[in-house]
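Student: File entry-v8.cif follows (mmCIF, C-alpha atoms):
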data_work
#
loop_
_atom_site.label_atom_id
_atom_site.label_comp_id
_atom_site.auth_asym_id
_atom_site.auth_seq_id
_atom_site.Cartn_x
_atom_site.Cartn_y
_atom_site.Cartn_z
CA SER J 982 -13.72 -12.46 9.22
CA LYS J 983 -11.73 -13.36 12.39
CA ARG J 984 -13.46 -16.74 12.62
CA VAL J 985 -12.80 -17.42 8.92
CA ILE J 986 -9.12 -16.48 9.28
CA SER J 987 -8.79 -18.70 12.36
CA ASN J 988 -10.25 -21.64 10.42
CA ILE J 989 -7.89 -20.98 7.52
CA HIS J 990 -4.87 -20.90 9.84
CA ASN J 991 -5.95 -24.18 11.47
CA ARG J 992 -6.28 -25.87 8.07
CA ILE J 993 -2.86 -24.62 6.98
CA LYS J 994 -1.29 -25.73 10.27
CA GLU J 995 -2.72 -29.21 9.88
CA LYS J 996 -1.40 -29.59 6.35
CA GLN J 997 2.01 -28.21 7.28
CA ARG J 998 2.16 -30.54 10.30
CA THR J 999 1.59 -33.54 8.04
CA ILE J 1000 4.35 -32.44 5.66
CA ALA J 1001 6.73 -31.62 8.51
CA VAL J 1002 6.28 -35.03 10.15
CA ALA J 1003 7.02 -36.75 6.84
CA ASP J 1004 10.17 -34.63 6.44
CA GLY J 1005 11.25 -35.00 10.06
CA ARG J 1006 11.15 -31.28 10.94
CA GLU J 1007 9.14 -28.85 13.02
CA PRO J 1008 5.99 -27.48 11.33
CA ALA J 1009 5.98 -23.77 10.48
CA ASN J 1010 3.18 -21.48 11.60
CA PRO J 1011 1.07 -19.66 8.98
CA ILE J 1012 2.57 -16.26 8.21
CA VAL J 1013 -0.31 -14.63 6.29
CA ASP J 1014 -3.04 -12.70 8.06
CA ALA J 1015 -5.75 -10.71 6.34
CA ALA J 1016 -8.60 -8.28 6.81
CA ILE J 1017 -11.34 -9.74 4.61
CA VAL J 1018 -13.96 -7.25 3.44
CA SER J 1019 -16.85 -7.73 1.04
CA HIS J 1020 -16.95 -5.65 -2.13
CA ILE J 1021 -20.69 -5.28 -1.48
CA PHE J 1022 -20.23 -3.39 1.80
CA TRP J 1023 -16.81 -1.84 1.20
CA PRO J 1024 -15.89 0.74 -1.45
CA ALA J 1025 -13.67 -0.45 -4.28
CA LEU J 1026 -10.03 0.42 -3.68
CA GLN J 1027 -7.43 1.18 -6.31
CA ASN J 1028 -5.15 -1.80 -6.67
CA GLN J 1029 -1.53 -1.23 -7.64
CA GLN J 1030 -0.58 -4.20 -9.78
CA PHE J 1031 2.85 -5.74 -9.30
CA LYS J 1032 4.23 -9.26 -9.08
CA HIS J 1033 5.09 -10.51 -5.62
CA HIS J 1034 8.24 -12.50 -5.03
CA ALA J 1035 7.51 -16.20 -5.58
CA ARG J 1036 7.90 -17.06 -1.87
CA ILE J 1037 5.41 -14.38 -0.85
CA GLN J 1038 2.99 -15.31 -3.64
CA THR J 1039 3.07 -18.96 -2.58
CA GLU J 1040 1.92 -18.02 0.93
CA LEU J 1041 -0.84 -15.79 -0.43
CA ASP J 1042 -1.99 -18.50 -2.85
CA GLN J 1043 -2.16 -21.05 -0.03
CA PHE J 1044 -4.31 -18.70 2.05
CA SER J 1045 -6.54 -17.99 -0.97
CA THR J 1046 -6.97 -21.70 -1.71
CA GLU J 1047 -8.11 -22.47 1.83
CA TYR J 1048 -10.50 -19.50 1.76
CA GLY J 1049 -11.97 -20.68 -1.54
CA GLN J 1050 -12.59 -24.16 -0.11
CA LEU J 1051 -14.25 -22.75 3.00
CA LYS J 1052 -16.33 -20.07 1.29
CA ASN J 1053 -16.93 -21.47 -2.21
CA PRO J 1054 -17.80 -19.86 -4.64
CA ARG J 1055 -16.29 -16.72 -3.11
CA ARG J 1056 -12.68 -15.81 -3.78
CA LEU J 1057 -10.08 -13.39 -2.47
CA VAL J 1058 -8.71 -10.47 -4.47
CA TRP J 1059 -5.54 -9.21 -2.79
CA MET J 1060 -4.96 -5.45 -2.66
CA ASN J 1061 -1.24 -5.56 -3.36
CA GLN J 1062 -0.34 -2.10 -2.11
CA LEU J 1063 -2.18 -2.39 1.24
CA GLY J 1064 -1.02 -4.06 4.42
CA ASN J 1065 2.25 -4.56 6.28
CA VAL J 1066 4.91 -7.23 6.18
CA GLN J 1067 7.00 -7.98 9.28
CA LEU J 1068 10.62 -8.76 8.42
CA GLU J 1069 13.82 -9.52 10.32
CA LEU J 1070 16.94 -8.49 8.41
CA ASP J 1071 20.65 -8.25 9.10
CA VAL J 1072 21.70 -4.60 9.02
CA LEU J 1073 25.12 -2.95 9.21
CA GLU J 1074 25.62 -0.77 12.27
CA GLU J 1075 28.60 1.51 12.94
CA LYS J 1076 29.50 1.86 16.64
CA LEU J 1077 30.85 4.99 18.31
CA ASP J 1078 34.34 3.48 18.34
CA GLY J 1079 34.23 3.04 14.56
CA THR J 1080 33.72 -0.71 14.54
CA VAL J 1081 31.14 -2.19 12.21
CA THR J 1082 28.77 -4.93 13.34
CA ILE J 1083 25.86 -6.79 11.80
CA GLU J 1084 22.70 -6.62 13.87
CA THR J 1085 19.25 -8.12 13.32
CA ARG J 1086 16.52 -5.50 13.03
CA GLU J 1087 12.78 -5.79 12.63
CA PHE J 1088 11.02 -3.90 9.83
CA SER J 1089 7.33 -3.31 9.19
CA VAL J 1090 7.01 -2.36 5.53
CA ALA J 1091 4.61 -2.29 2.60
CA PRO J 1092 4.27 -5.48 0.51
CA LEU J 1093 6.20 -3.96 -2.41
CA LEU J 1094 9.24 -3.24 -0.22
CA ALA J 1095 9.10 -6.79 1.12
CA THR J 1096 8.97 -8.16 -2.42
CA LEU J 1097 11.96 -6.08 -3.55
CA ILE J 1098 14.20 -7.08 -0.66
CA SER J 1099 13.15 -10.74 -0.94
CA HIS J 1100 14.87 -10.94 -4.33
CA PHE J 1101 18.20 -10.32 -2.59
CA GLU J 1102 17.82 -13.68 -0.84
CA ASP J 1103 18.15 -15.27 -4.27
CA LYS J 1104 21.30 -13.38 -5.26
CA ASP J 1105 23.32 -10.50 -3.82
CA GLN J 1106 23.20 -8.15 -6.80
CA TRP J 1107 20.33 -6.83 -8.92
CA THR J 1108 19.98 -4.08 -11.51
CA ALA J 1109 16.98 -1.76 -11.42
CA GLU J 1110 16.01 -3.13 -14.83
CA ASP J 1111 16.01 -6.72 -13.55
CA LEU J 1112 13.91 -5.77 -10.51
CA SER J 1113 11.55 -3.92 -12.84
CA ASN J 1114 11.15 -7.06 -14.94
CA GLU J 1115 10.57 -9.19 -11.85
CA THR J 1116 7.94 -6.92 -10.31
CA GLY J 1117 6.31 -5.56 -13.46
CA LEU J 1118 6.84 -1.97 -12.27
CA ALA J 1119 8.59 0.87 -14.06
CA GLU J 1120 12.30 1.34 -13.29
CA HIS J 1121 11.82 4.81 -11.77
CA ILE J 1122 9.32 3.37 -9.28
CA VAL J 1123 11.75 0.60 -8.35
CA GLN J 1124 14.55 3.13 -7.84
CA LYS J 1125 12.40 5.30 -5.59
CA ARG J 1126 11.33 2.34 -3.44
CA MET J 1127 14.84 0.93 -3.16
CA GLY J 1128 15.90 4.19 -1.52
CA TYR J 1129 14.29 2.89 1.68
CA TRP J 1130 16.59 -0.14 1.84
CA ILE J 1131 19.61 2.00 0.98
CA ASN J 1132 18.83 4.38 3.84
CA ASN J 1133 18.53 1.46 6.23
CA ARG J 1134 21.91 0.02 5.14
CA VAL J 1135 20.40 -3.23 3.92
CA VAL J 1136 21.53 -2.69 0.31
CA LYS J 1137 24.10 -0.47 -1.38
CA LEU J 1138 23.73 1.47 -4.63
CA LEU J 1139 26.80 0.77 -6.71
CA PRO J 1140 28.44 3.58 -8.72
CA GLY J 1141 28.12 3.71 -12.50
CA GLN J 1142 25.53 2.50 -14.95
CA PRO J 1143 23.28 0.59 -15.20
CA VAL J 1144 21.69 1.27 -11.79
CA THR J 1145 22.75 -1.68 -9.68
CA TYR J 1146 22.10 -2.68 -6.07
CA GLU J 1147 24.06 -5.07 -3.88
CA VAL J 1148 23.57 -6.46 -0.40
CA ALA J 1149 25.46 -4.13 1.96
CA THR J 1150 28.66 -5.48 3.51
CA ARG J 1151 31.20 -4.28 6.06
CA ASP J 1152 33.50 -3.25 3.22
CA HIS J 1153 30.85 -0.94 1.80
CA LEU J 1154 30.42 0.86 5.11
CA LEU J 1155 34.13 1.11 5.79
CA GLN J 1156 34.73 2.57 2.32
CA GLY J 1157 32.20 5.32 3.02
CA ASP J 1158 29.67 6.71 0.56
CA ASN J 1159 31.17 9.40 -1.62
CA ASP J 1160 29.22 8.63 -4.76
CA PRO J 1161 26.75 11.48 -5.48
CA ASP J 1162 24.31 9.19 -7.27
CA SER J 1163 24.22 6.91 -4.25
CA THR J 1164 23.65 9.83 -1.92
CA ALA J 1165 20.79 11.15 -4.03
CA ALA J 1166 19.15 7.75 -4.17
CA SER J 1167 19.49 7.18 -0.44
CA MET J 1168 17.62 10.43 0.19
CA MET J 1169 14.52 8.92 -1.45
CA ASP J 1170 13.29 7.23 1.70
CA TYR J 1171 10.03 5.39 1.40
CA ASP J 1172 8.17 3.03 3.72
CA GLY J 1173 4.98 2.45 1.71
CA SER J 1174 2.63 4.47 3.91
CA GLU J 1175 2.53 7.28 1.31
CA ASP J 1176 1.07 5.00 -1.35
CA GLN J 1177 -1.55 3.64 1.01
CA ALA J 1178 -2.62 7.13 2.07
CA VAL J 1179 -2.71 8.37 -1.54
CA CYS J 1180 -4.68 5.31 -2.60
CA VAL J 1181 -7.37 5.85 0.05
CA PHE J 1182 -7.57 9.61 -0.60
CA THR J 1183 -7.83 9.10 -4.38
CA GLN J 1184 -10.52 6.49 -3.89
CA GLU J 1185 -12.57 8.81 -1.65
CA GLU J 1186 -12.19 11.58 -4.21
CA GLU J 1187 -13.47 9.31 -6.99
CA GLU J 1188 -16.46 8.27 -4.87
CA MET J 1189 -17.33 11.91 -4.13
CA GLU J 1190 -17.29 12.76 -7.85
CA VAL J 1191 -20.59 10.86 -8.13
CA PHE J 1192 -22.20 13.66 -6.09
CA GLU J 1193 -20.64 16.53 -8.04
CA SER J 1194 -23.65 16.96 -10.34
CA TYR J 1195 -25.98 17.10 -7.31
CA ILE J 1196 -23.82 19.78 -5.69
CA MET J 1197 -23.54 21.85 -8.86
CA GLY J 1198 -27.32 21.66 -9.44
CA MET J 1199 -28.01 22.56 -5.83
CA LEU J 1200 -25.85 25.70 -6.01
CA THR J 1201 -27.27 26.63 -9.42
CA ASN J 1202 -30.77 26.70 -7.95
CA MET J 1203 -30.00 28.15 -4.52
CA GLY J 1204 -27.06 30.45 -5.23
CA GLN J 1205 -24.87 29.78 -2.22
CA LEU J 1206 -24.96 27.35 0.69
CA PRO J 1207 -22.88 26.49 3.77
CA LEU J 1208 -21.25 23.09 4.20
CA SER J 1209 -23.90 21.89 6.68
CA ARG J 1210 -26.78 22.68 4.30
CA ILE J 1211 -25.09 20.90 1.37
CA HIS J 1212 -24.39 17.89 3.59
CA ASN J 1213 -27.95 17.65 4.92
CA THR J 1214 -29.49 18.13 1.46
CA LEU J 1215 -27.37 15.31 0.02
CA LYS J 1216 -28.39 13.04 2.92
CA MET J 1217 -32.05 13.86 2.28
CA TYR J 1218 -32.22 13.50 -1.50
CA VAL J 1219 -29.42 11.07 -2.39
CA SER J 1220 -30.74 8.12 -0.39
CA GLY J 1221 -33.78 5.95 -0.05
CA GLY J 1222 -34.80 4.63 -3.46
CA SER J 1223 -31.73 5.98 -5.23
CA ASP J 1224 -29.08 3.55 -6.45
CA ILE J 1225 -26.49 6.06 -5.25
CA LYS J 1226 -26.23 6.40 -1.48
CA TYR J 1227 -24.70 9.41 0.26
CA SER J 1228 -23.06 8.32 3.51
CA LYS J 1229 -20.07 10.66 3.72
CA THR J 1230 -19.07 12.67 6.78
CA PRO J 1231 -19.03 16.48 6.79
CA GLN J 1232 -15.22 16.27 6.89
CA GLN J 1233 -15.11 14.15 3.71
CA LEU J 1234 -17.54 16.51 1.99
CA SER J 1235 -15.48 19.52 3.05
CA MET J 1236 -12.34 18.01 1.50
CA PHE J 1237 -14.21 17.38 -1.76
CA LEU J 1238 -15.63 20.91 -1.86
CA GLN J 1239 -12.12 22.29 -1.38
CA HIS J 1240 -11.02 20.05 -4.26
CA LEU J 1241 -13.73 21.59 -6.46
CA CYS J 1242 -12.57 25.05 -5.40
CA LYS J 1243 -9.02 24.23 -6.50
CA GLN J 1244 -10.43 23.11 -9.85
CA GLU J 1245 -12.19 26.49 -10.06
CA LYS J 1246 -15.62 24.89 -10.22
CA LEU J 1247 -16.68 26.37 -6.87
CA GLU J 1248 -15.55 29.19 -4.65
CA CYS J 1249 -15.87 29.64 -0.91
CA GLY J 1250 -16.32 33.03 0.68
CA PRO J 1251 -14.91 34.18 4.02
CA ASP J 1252 -18.31 33.41 5.56
CA GLY J 1253 -17.96 29.75 4.60
CA MET J 1254 -20.62 29.90 1.91
CA TYR J 1255 -20.00 27.86 -1.25
CA LYS J 1256 -21.15 29.03 -4.69
CA LEU J 1257 -20.40 28.39 -8.35
CA PHE J 1258 -17.08 29.82 -9.52
CA LYS J 1259 -17.49 32.94 -11.65
CA LYS J 1260 -14.89 33.18 -14.39
#
Write out the structure in this file as structure tokens.
Tutor:
Amino acid sequence: SKRVISNIHNRIKEKQRTIAVADGREPANPIVDAAIVSHIFWPALQNQQFKHHARIQTELDQFSTEYGQLKNPRRLVWMNQLGNVQLELDVLEEKLDGTVTIETREFSVAPLLATLISHFEDKDQWTAEDLSNETGLAEHIVQKRMGYWINNRVVKLLPGQPVTYEVATRDHLLQGDNDPDSTAASMMDYDGSEDQAVCVFTQEEEEMEVFESYIMGMLTNMGQLPLSRIHNTLKMYVSGGSDIKYSKTPQQLSMFLQHLCKQEKLECGPDGMYKLFKK
């Protein structure tokens, strides 16, 4: 995929150079990079649907268009919740002597956080409801995510209702933060890594559920088995001509067996032997 991405970047650069020359300005470098994986060789991932800010979506669409022209009839399906966006933002900083300055800081955040903060380039103040309408996400999700930007002093949660955010200013910092609602919201720090981890874990769990019937049948016939025996038996019988392939690690299988124990479908003895749960 590195060669494909390099070709896409070169095509975008050439087109942007032509436009820049016509406008009498310096051409901008492509800002979108991607890890391109085939759905044939990569497990399906859960995709959190939300609407990117228009400026971000334009860049993604341009990348997708070039990919489609290079690899027709293939197309890209973006996994919205995965990846990182590099941003430079002006942030309020309070010095030891009490003075307040604005400093430029770099952030590496999830795409949703980048989308939310991008809306504040359009106007300084947004309600949670408006951001919900723009992104297509529920208001409570927007409020949780905005806690990250509040904590980093990029935006301020204004007192009162409806829930409203404003680009942070020197006046906000000098006035202090005595509003309890604002304090509670700022405690909800979030950088996007939680969603990515949960997404991958949930996906692995769903994939393992395919093998649940094999495991239950195995333990029904044999009584109890250790992790290694279950793992080796799955490798032996769920492969070859079967449409379902078992290629999990012992660690992944162990996590799934513990999940079945929590659901009271299996139980594990002190000797590490798994058996059907007896109610």
Student: Any chance you could work out the residue set of the PyMOL selection byres ((chain J and resi 1116-1126) around 7) here, as a list in words?
Tutor: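 With the shown file as input, the PyMOL selection byres ((chain J and resi 1116-1126) around 7) matches Phe1031, Lys1032, His1033, Leu1094, Ala1109, Glu1110, Leu1112, Ser1113, Asn1114, Glu1115, Met1127, Gly1128, Tyr1129, Met1169 and Tyr1171 of chain J.
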Student: So that I can check the surroundings of Gly1250 of chain J, please list as a list of chain:residue names every protein, DNA and RNA residue that reaches within 12 Å of it, counting all atoms listed in the file and ignoring chain neighbours fewer than 3 positions away.
Tutor: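 These residues fall inside the cut-off: J:Gln1205, J:Leu1206, J:Pro1207, J:Leu1208, J:Gln1239, J:Cys1242, J:Leu1247, J:Gly1253, J:Met1254, J:Tyr1255, J:Lys1256, J:Leu1257, J:Phe1258.
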Student: May I ask for the distance between atom CA of Leu1139 of chain J and atom CA of Asp1103 of chain J, given in Å to one decimal place?
Tutor: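 Separating atom CA of Leu1139 of chain J from atom CA of Asp1103 of chain J is a distance of 18.4 Å.
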Student: In Å, with one decimal, what is the gap from atom CA of Val1191 of chain J to atom CA of Leu1215 of chain J?
Tutor: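 It comes out at 11.5 Å.
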Student: Between J:Arg998, J:His1100, J:Arg1036, J:Arg1151, which is the closest to Thr1080 of chain J once you count only C-alpha atoms?
Tutor: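 Nearest candidate to Thr1080 of chain J out of J:Arg998, J:His1100, J:Arg1036, J:Arg1151: J:Arg1151.
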Student: Exactly which residues make up the result of the PyMOL selection byres ((chain J and resi 1088) around 6) on this file, given as a list in words?
Tutor: Gln1067, Leu1068, Glu1087 and Ser1089 of chain J
Student: Between atom CA of Gln1030 of chain J and atom CA of Met1060 of chain J, what distance in Å does the model show, to one decimal?
Tutor: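 One can read the atom CA of Gln1030 of chain J to atom CA of Met1060 of chain J distance as 8.5 Å.
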Student: Between J:Glu1190, J:Asp1252, J:Met1203, J:Asp1004, which one has atoms that come closest to Phe1237 of chain J, using only C-alpha atoms?
Tutor: J:Glu1190
Student: Can you tell me, as AutoDock Vina command-line options, the centre and edge lengths (Å, one decimal) of the axis-aligned box enclosing all of segment 1069-1083 of chain J's listed atoms after padding each side by 4 Å?
Tutor:
--center_x 24.1 --center_y -2.3 --center_z 13.4 --size_x 28.5 --size_y 22.5 --size_z 17.9
Student: Excluding segment 1046-1051 of chain J and any residue of its chain fewer than 3 positions from it, enumerate the residues within 6 Å of it, using only C-alpha atoms, and give them as an mmCIF file with C-alpha atoms, in the coordinates of the input.
Tutor:
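Okay, this is what ended up in out-v5.cif:
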data_model
loop_
_atom_site.group_PDB
_atom_site.id
_atom_site.type_symbol
_atom_site.label_atom_id
_atom_site.label_comp_id
_atom_site.auth_asym_id
_atom_site.auth_seq_id
_atom_site.Cartn_x
_atom_site.Cartn_y
_atom_site.Cartn_z
ATOM 1 C CA ILE J 989 -7.890 -20.980 7.520
ATOM 2 C CA GLN J 1043 -2.160 -21.050 -0.030
ATOM 3 C CA ARG J 1056 -12.680 -15.810 -3.780
#
